[in-house]
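Below is one structure, written out as structure tokens; comments come after it.
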Amino acid sequence: MPSAKKNISSADARDIPISNFLLPIIRKWWEHDTSRNIKYVINWGGKPVKSIGKSWRRCLALAEIRRPIRPYDLRHAYATYALLAGAKLKIVADIMDHADPSMILKTYQYTDERERREAIEAMPDHLQLTRLTGDNFPGI
């Protein structure tokens, strides 16, 4: 993957790990394209895709997705779901090429209702309010 000019590394490119479950799918795509003498990793009908944005919008339209979703939103989704699944913050930051892991928390990570509910339920009952019922509840 070409490195962004603003990234932390000085390299022109960096490796992006790919999940093991995707490798067979990617291999089939590669075999399909190679058998047809297609030389471009990102192609449409064997021709290189020169504008990801234009191609992205076309795919959204073909899929009848009306919601505005940018390719960059996939980066946010990766950070959120990787952390939700238990990935370590530092590792996610390294994969995303951030020098400061707090950038992930400030910019990318979102919470969901399940996480908020878990945080509320994690609060111990220090006041022992659960022992109160209708008969012995103060003020009732």
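Chain identifiers are assigned as A, B, and so on, following the order in which chains appear in the structure tokens; residues are numbered from 1 within each chain, and ligands are numbered from 1 in order of appearance.
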Practice item. Could you give me the residues within chain A that DSSP places in alpha helix (DSSP H), as a PyMOL selection string? Key: chain A and resi 23-35+52-62+73-84+89-95+102-103+113-121
Just the selected residues (N, CA and C atoms), exported as a short mmCIF file (atom, residue, chain, number, x, y, z; two decimals), in the first residue's frame, please.
```
data_model
loop_
_atom_site.label_atom_id
_atom_site.label_comp_id
_atom_site.auth_asym_id
_atom_site.auth_seq_id
_atom_site.Cartn_x
_atom_site.Cartn_y
_atom_site.Cartn_z
N LEU A 23 -7.89 -14.62 2.17
CA LEU A 23 -6.84 -15.04 1.24
C LEU A 23 -7.33 -15.96 0.13
N PRO A 24 -8.17 -16.99 0.42
CA PRO A 24 -8.66 -17.82 -0.69
C PRO A 24 -9.50 -17.04 -1.70
N ILE A 25 -10.26 -16.08 -1.21
CA ILE A 25 -11.09 -15.26 -2.11
C ILE A 25 -10.19 -14.40 -3.00
N ILE A 26 -9.21 -13.78 -2.40
CA ILE A 26 -8.28 -12.94 -3.17
C ILE A 26 -7.51 -13.78 -4.17
N ARG A 27 -7.11 -14.99 -3.78
CA ARG A 27 -6.38 -15.89 -4.70
C ARG A 27 -7.27 -16.22 -5.91
N LYS A 28 -8.55 -16.49 -5.68
CA LYS A 28 -9.45 -16.80 -6.80
C LYS A 28 -9.59 -15.61 -7.74
N TRP A 29 -9.73 -14.42 -7.14
CA TRP A 29 -9.80 -13.21 -7.98
C TRP A 29 -8.54 -13.08 -8.81
N TRP A 30 -7.38 -13.28 -8.17
CA TRP A 30 -6.09 -13.15 -8.87
C TRP A 30 -6.00 -14.17 -9.99
N GLU A 31 -6.38 -15.43 -9.71
CA GLU A 31 -6.34 -16.48 -10.73
C GLU A 31 -7.28 -16.13 -11.89
N HIS A 32 -8.46 -15.65 -11.57
CA HIS A 32 -9.42 -15.25 -12.60
C HIS A 32 -8.82 -14.15 -13.48
N ASP A 33 -8.30 -13.11 -12.85
CA ASP A 33 -7.75 -11.98 -13.60
C ASP A 33 -6.52 -12.39 -14.40
N THR A 34 -5.64 -13.20 -13.80
CA THR A 34 -4.42 -13.61 -14.49
C THR A 34 -4.75 -14.47 -15.70
N SER A 35 -5.75 -15.33 -15.57
CA SER A 35 -6.12 -16.19 -16.70
C SER A 35 -6.66 -15.37 -17.87
N ILE A 52 -10.94 6.01 -7.72
CA ILE A 52 -11.62 5.20 -6.72
C ILE A 52 -12.95 5.85 -6.34
N GLY A 53 -12.93 7.17 -6.18
CA GLY A 53 -14.16 7.87 -5.78
C GLY A 53 -15.29 7.68 -6.78
N LYS A 54 -15.00 7.83 -8.04
CA LYS A 54 -16.02 7.67 -9.08
C LYS A 54 -16.51 6.21 -9.11
N SER A 55 -15.58 5.27 -9.02
CA SER A 55 -15.95 3.85 -9.02
C SER A 55 -16.76 3.51 -7.78
N TRP A 56 -16.38 4.08 -6.66
CA TRP A 56 -17.10 3.84 -5.40
C TRP A 56 -18.54 4.31 -5.51
N ARG A 57 -18.73 5.52 -6.02
CA ARG A 57 -20.09 6.07 -6.16
C ARG A 57 -20.93 5.21 -7.12
N ARG A 58 -20.30 4.74 -8.18
CA ARG A 58 -21.00 3.88 -9.14
C ARG A 58 -21.43 2.58 -8.47
N CYS A 59 -20.55 1.98 -7.67
CA CYS A 59 -20.89 0.74 -6.97
C CYS A 59 -22.03 0.95 -5.98
N LEU A 60 -21.98 2.07 -5.26
CA LEU A 60 -23.07 2.37 -4.33
C LEU A 60 -24.40 2.50 -5.07
N ALA A 61 -24.36 3.17 -6.21
CA ALA A 61 -25.58 3.34 -7.00
C ALA A 61 -26.09 1.99 -7.51
N LEU A 62 -25.20 1.15 -8.01
CA LEU A 62 -25.60 -0.18 -8.50
C LEU A 62 -26.18 -1.04 -7.38
N ASP A 73 -14.68 5.74 5.20
CA ASP A 73 -15.51 5.24 6.30
C ASP A 73 -15.15 3.79 6.66
N LEU A 74 -14.61 3.06 5.70
CA LEU A 74 -14.17 1.69 5.97
C LEU A 74 -13.04 1.68 6.99
N ARG A 75 -12.22 2.70 6.97
CA ARG A 75 -11.12 2.83 7.94
C ARG A 75 -11.69 3.00 9.34
N HIS A 76 -12.70 3.85 9.48
CA HIS A 76 -13.36 4.04 10.77
C HIS A 76 -14.00 2.72 11.23
N ALA A 77 -14.65 2.04 10.30
CA ALA A 77 -15.30 0.77 10.65
C ALA A 77 -14.27 -0.25 11.11
N TYR A 78 -13.13 -0.32 10.42
CA TYR A 78 -12.08 -1.27 10.83
C TYR A 78 -11.67 -1.00 12.27
N ALA A 79 -11.35 0.25 12.59
CA ALA A 79 -10.88 0.58 13.95
C ALA A 79 -11.95 0.23 14.97
N THR A 80 -13.17 0.58 14.71
CA THR A 80 -14.26 0.32 15.65
C THR A 80 -14.44 -1.17 15.88
N TYR A 81 -14.58 -1.92 14.80
CA TYR A 81 -14.88 -3.35 14.95
C TYR A 81 -13.68 -4.16 15.44
N ALA A 82 -12.48 -3.75 15.08
CA ALA A 82 -11.30 -4.45 15.58
C ALA A 82 -11.21 -4.29 17.10
N LEU A 83 -11.44 -3.08 17.59
CA LEU A 83 -11.39 -2.84 19.03
C LEU A 83 -12.56 -3.53 19.74
N LEU A 84 -13.74 -3.51 19.14
CA LEU A 84 -14.88 -4.21 19.72
C LEU A 84 -14.60 -5.70 19.86
N LEU A 89 -5.25 -1.81 21.18
CA LEU A 89 -5.23 -0.46 20.63
C LEU A 89 -3.92 -0.16 19.90
N LYS A 90 -2.79 -0.50 20.49
CA LYS A 90 -1.48 -0.21 19.89
C LYS A 90 -1.33 -0.93 18.55
N ILE A 91 -1.81 -2.15 18.47
CA ILE A 91 -1.70 -2.91 17.22
C ILE A 91 -2.58 -2.29 16.14
N VAL A 92 -3.80 -1.91 16.50
CA VAL A 92 -4.69 -1.25 15.54
C VAL A 92 -4.04 0.05 15.06
N ALA A 93 -3.45 0.82 15.96
CA ALA A 93 -2.77 2.06 15.59
C ALA A 93 -1.61 1.79 14.64
N ASP A 94 -0.84 0.74 14.90
CA ASP A 94 0.28 0.39 14.02
C ASP A 94 -0.22 0.03 12.62
N ILE A 95 -1.24 -0.79 12.56
CA ILE A 95 -1.78 -1.20 11.26
C ILE A 95 -2.28 0.02 10.49
N SER A 102 -3.77 7.21 20.78
CA SER A 102 -4.93 7.99 21.23
C SER A 102 -5.70 8.57 20.03
N MET A 103 -5.03 8.69 18.90
CA MET A 103 -5.69 9.18 17.68
C MET A 103 -6.85 8.24 17.31
N GLU A 113 -24.67 0.55 21.38
CA GLU A 113 -25.60 0.41 22.50
C GLU A 113 -25.19 -0.72 23.44
N ARG A 114 -24.73 -1.83 22.88
CA ARG A 114 -24.31 -2.97 23.71
C ARG A 114 -23.16 -2.56 24.64
N GLU A 115 -22.19 -1.83 24.11
CA GLU A 115 -21.06 -1.39 24.94
C GLU A 115 -21.52 -0.43 26.04
N ARG A 116 -22.41 0.48 25.68
CA ARG A 116 -22.90 1.43 26.68
C ARG A 116 -23.68 0.69 27.77
N ARG A 117 -24.47 -0.30 27.38
CA ARG A 117 -25.23 -1.08 28.35
C ARG A 117 -24.28 -1.86 29.27
N GLU A 118 -23.23 -2.46 28.71
CA GLU A 118 -22.25 -3.19 29.52
C GLU A 118 -21.57 -2.26 30.52
N ALA A 119 -21.27 -1.03 30.10
CA ALA A 119 -20.63 -0.08 31.01
C ALA A 119 -21.55 0.29 32.16
N ILE A 120 -22.84 0.46 31.87
CA ILE A 120 -23.80 0.78 32.93
C ILE A 120 -23.95 -0.40 33.88
N GLU A 121 -24.10 -1.60 33.33
CA GLU A 121 -24.30 -2.78 34.16
C GLU A 121 -23.05 -3.16 34.95
#
```
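In terms of minimum interatomic distance to Ile16 of chain A, A:Asp97 ranks closest within A:Lys47, A:Thr107, A:Arg131, A:Asp97, counting only C-alpha atoms.
Residues of chain A assigned to strand (DSSP E) by DSSP on this structure's backbone: Asn43, Trp44, Lys47 and Pro48 of chain A.
Take atom CA of Ile104 of chain A and atom CA of Val41 of chain A: the distance between them is 28.7 Å.
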